[in-house]
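Engineer: One structure, as structure tokens, below. Some questions next.
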Amino acid sequence: MPRPLSVQLYSVRDQLVADRAGTLRRLAALGYGAVEAYDVLGDPKGLRQLLDDLGLTVSGTHAVQLLGPEPESVLDAVATLGTDHAIVPAGIAPEEFTSRDGLARIADRLNSLAAVAERHGIRIGYHNHWWEIEPRFGDRHAVDVLAELLDPAVFLEIDTYWAAVGGADVPALLRRLGDRVRALHLKDGPGTKEDPNVAVGGGVMPVRDILTAAPDAWRIVEFDSCAGDADALFDALGASLAHLAPLAAS
């Protein structure tokens with residue numbers, strides 16, 4: 001059975017603060033079958049209950065706190081949410097990606113964390129922005145080099161939009177990384193760092209080619225920002241799902 005389309009809850013962060021249950025119901029009503037959590041320590045039991053009641057799966061979690069002094073408590077919260085994907089989305093200095101020594105330090109840190117997570121039955125992932133893409137080592141992006149240094153237990157969640165902004169041919173990048181990629185962030189827009197996102201399929205991203213290049217990865221819609229009010233955001237989330245659903249099924 002194909003995986004349901006997921007949505008990163010950071011997209012609706014303001015709405016969740018105002019009305020968590022109502023926001024989750026609205027996402028489910030749009031047709032999303034899964035979510036990716038980002039506030040993993042903020043009432044994981046309560047969030048899990050709401051999601052279970054709505055029939056929503058947790059595709060994974062973002063948890064920058066994994067890099068802190070007490071990753072065990074973060075991993076317990078991830079397990080409570082019912083997923084085995086715990087993703088580091090930030091917290092590593094961008095300049096570390098500009099040298100081979102820096103990449104080695106990053107790999108050592110993630111590999112060590114993976115060993116801790118394994119005791120909880122959880123896999124560690126890393127999520128890129130543009131600064132893991134812009135540095136080049138010959139004809140390779142920094143993330144290509146990092147992937148070679150990571151333990152096979154560590155996976156990558158490729159944010160396809162930020163990869164494109166950083167200068168990558170995204171389908172080619174995904175093909176090179178292969179099975180290392182277990183999740184995709186799907187977003188669209190004009191391909192700039194500053195401008196708001198638009199509905200997937202409404203910008204410059206080669207969505208069909210991206211999906212084809214990583215056929216087994218989770219598909220997760222995300223908006224870093226969206227022009228307009230909350231209704232405009234939910235309209236864009238709905239349009240994204242409508243564009244992706246037939247592509248994901250093909």
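Residue numbering restarts at 1 for every chain of the structure tokens, chains are lettered A, B, ... in their displayed order, and ligands are numbered from 1 as they appear.
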Can you pull out the residues contacting Gly60 of chain A? Cut-off 6 Å, using only C-alpha atoms, and skip same-chain residues under 3 positions away; I want them as a ChimeraX atom specification.

Structural biologist: /A:36,83,85

Engineer: As a VMD selection string, please: the residues near Ala29 of chain A (cut-off 12 Å, only C-alpha atoms, same-chain neighbours under 5 positions excluded).

Structural biologist: chain A and resid 22 to 24 34 54 to 56 234 to 235 237 to 238 241

Engineer: Would you save the residues of that selection, restricted to all heavy atoms, as a CSV table (one decimal), in the first residue's frame?

Structural biologist:
chain,number,residue,atom,x,y,z
A,22,GLY,N,-8.3,21.9,16.0
A,22,GLY,CA,-9.0,22.4,14.8
A,22,GLY,C,-8.1,22.4,13.6
A,22,GLY,O,-8.5,22.1,12.5
A,23,THR,N,-6.8,22.7,13.8
A,23,THR,CA,-5.8,22.8,12.7
A,23,THR,C,-5.6,21.4,12.2
A,23,THR,O,-5.6,21.1,11.0
A,23,THR,CB,-4.5,23.4,13.2
A,23,THR,OG1,-4.8,24.8,13.5
A,23,THR,CG2,-3.5,23.4,12.1
A,24,LEU,N,-5.4,20.4,13.1
A,24,LEU,CA,-5.2,19.0,12.6
A,24,LEU,C,-6.4,18.5,11.9
A,24,LEU,O,-6.3,17.8,10.9
A,24,LEU,CB,-4.8,18.2,13.8
A,24,LEU,CG,-3.5,18.5,14.5
A,24,LEU,CD1,-3.3,17.7,15.8
A,24,LEU,CD2,-2.3,18.3,13.6
A,34,ALA,N,-0.9,11.9,6.8
A,34,ALA,CA,0.2,11.8,7.8
A,34,ALA,C,0.7,13.2,8.0
A,34,ALA,O,0.4,14.2,7.3
A,34,ALA,CB,1.3,11.0,7.2
A,54,LEU,N,-7.8,11.2,14.5
A,54,LEU,CA,-8.1,11.6,13.2
A,54,LEU,C,-7.6,10.7,12.1
A,54,LEU,O,-7.8,10.9,10.9
A,54,LEU,CB,-7.4,13.0,13.0
A,54,LEU,CG,-8.0,14.2,13.8
A,54,LEU,CD1,-7.1,15.4,13.7
A,54,LEU,CD2,-9.4,14.5,13.2
A,55,GLY,N,-7.0,9.6,12.5
A,55,GLY,CA,-6.4,8.6,11.6
A,55,GLY,C,-5.2,9.1,10.9
A,55,GLY,O,-4.9,8.6,9.8
A,56,LEU,N,-4.4,10.0,11.5
A,56,LEU,CA,-3.2,10.5,10.9
A,56,LEU,C,-2.0,9.8,11.4
A,56,LEU,O,-1.8,9.6,12.6
A,56,LEU,CB,-3.1,12.0,11.2
A,56,LEU,CG,-4.1,12.9,10.5
A,56,LEU,CD1,-4.1,14.4,11.1
A,56,LEU,CD2,-3.9,13.0,9.0
A,234,PHE,N,-4.0,27.3,3.8
A,234,PHE,CA,-4.7,26.1,3.7
A,234,PHE,C,-5.2,25.8,2.2
A,234,PHE,O,-5.1,24.6,1.8
A,234,PHE,CB,-5.9,26.0,4.6
A,234,PHE,CG,-5.6,25.7,6.0
A,234,PHE,CD1,-5.4,26.7,7.0
A,234,PHE,CD2,-5.3,24.4,6.4
A,234,PHE,CE1,-5.1,26.4,8.3
A,234,PHE,CE2,-4.9,24.1,7.7
A,234,PHE,CZ,-4.8,25.1,8.7
A,235,ASP,N,-5.5,26.8,1.5
A,235,ASP,CA,-5.8,26.6,0.1
A,235,ASP,C,-4.6,26.1,-0.7
A,235,ASP,O,-4.7,25.2,-1.5
A,235,ASP,CB,-6.3,28.0,-0.6
A,235,ASP,CG,-7.7,28.3,-0.2
A,235,ASP,OD1,-8.4,27.5,0.4
A,235,ASP,OD2,-8.1,29.5,-0.4
A,237,LEU,N,-2.1,24.5,0.7
A,237,LEU,CA,-1.8,23.1,1.1
A,237,LEU,C,-2.7,22.1,0.4
A,237,LEU,O,-2.3,21.0,0.0
A,237,LEU,CB,-2.0,23.0,2.6
A,237,LEU,CG,-0.9,23.6,3.5
A,237,LEU,CD1,-1.4,23.7,4.9
A,237,LEU,CD2,0.3,22.7,3.5
A,238,GLY,N,-4.0,22.5,0.2
A,238,GLY,CA,-4.9,21.7,-0.6
A,238,GLY,C,-4.5,21.5,-2.0
A,238,GLY,O,-4.6,20.4,-2.6
A,241,LEU,N,-1.6,19.1,-2.3
A,241,LEU,CA,-2.0,17.7,-2.3
A,241,LEU,C,-2.7,17.3,-3.6
A,241,LEU,O,-2.4,16.2,-4.1
A,241,LEU,CB,-2.9,17.5,-1.1
A,241,LEU,CG,-3.3,16.1,-0.7
A,241,LEU,CD1,-3.5,15.9,0.8
A,241,LEU,CD2,-4.6,15.7,-1.4

Engineer: Output as JSON, numbers by chain all residues of segment 133-240 of chain A that backbone DSSP marks as strand (DSSP E).

Structural biologist: {"A": [136, 137, 140, 141, 155, 156, 157, 158, 159, 181, 182, 183, 184, 185, 186, 218, 219, 220, 221]}

Engineer: Enter the distance from atom CA of Phe155 of chain A to atom CA of Pro71 of chain A, in Å, rounded to one decimal.

Structural biologist: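 Answer for the atom CA of Phe155 of chain A to atom CA of Pro71 of chain A separation: 17.6 Å.
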
Engineer: Quick one, how far is atom CA of Arg140 of chain A from atom CA of Leu67 of chain A?

Structural biologist: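 If I compute the distance from atom CA of Arg140 of chain A to atom CA of Leu67 of chain A, I get 26.5 Å.
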
Engineer: Just the residues within 10 Å of Leu113 of chain A, please, counting only C-alpha atoms, with nothing from its chain fewer than 5 positions along; format it as an MDAnalysis selection string.

Structural biologist: chainID A and resid 66:67 71:72 107:108 118 123:125 154

Engineer: Write out as JSON, numbers by chain the residues lying within 12 Å of Leu177 of chain A, counting only C-alpha atoms and excluding same-chain residues fewer than 2 positions away.

Structural biologist: {"A": [140, 141, 143, 144, 145, 146, 147, 148, 150, 152, 155, 156, 157, 158, 170, 171, 172, 173, 174, 175, 179, 180, 181, 182, 183, 213, 214, 217]}

Engineer: Residues at most 9 Å from Pro4 of chain A, counting only C-alpha atoms, excluding those fewer than 5 positions away in the same chain, as a PDB file with C-alpha atoms, in the first residue's frame?

Structural biologist:
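Once written, around35.pdb looks like this:
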ATOM      1  CA  TYR A  32      -3.485  14.468   4.200  1.00  0.00           C
ATOM      2  CA  GLY A  33      -2.929  11.074   5.764  1.00  0.00           C
ATOM      3  CA  ALA A  34       0.207  11.836   7.763  1.00  0.00           C
ATOM      4  CA  THR A  57       0.121   8.739  10.800  1.00  0.00           C
ATOM      5  CA  SER A  59       5.845  10.101   9.117  1.00  0.00           C
ATOM      6  CA  TRP A 218       8.100   9.788   2.215  1.00  0.00           C
ATOM      7  CA  ARG A 219       6.519  12.775   0.434  1.00  0.00           C
TER       8      ARG A 219
END
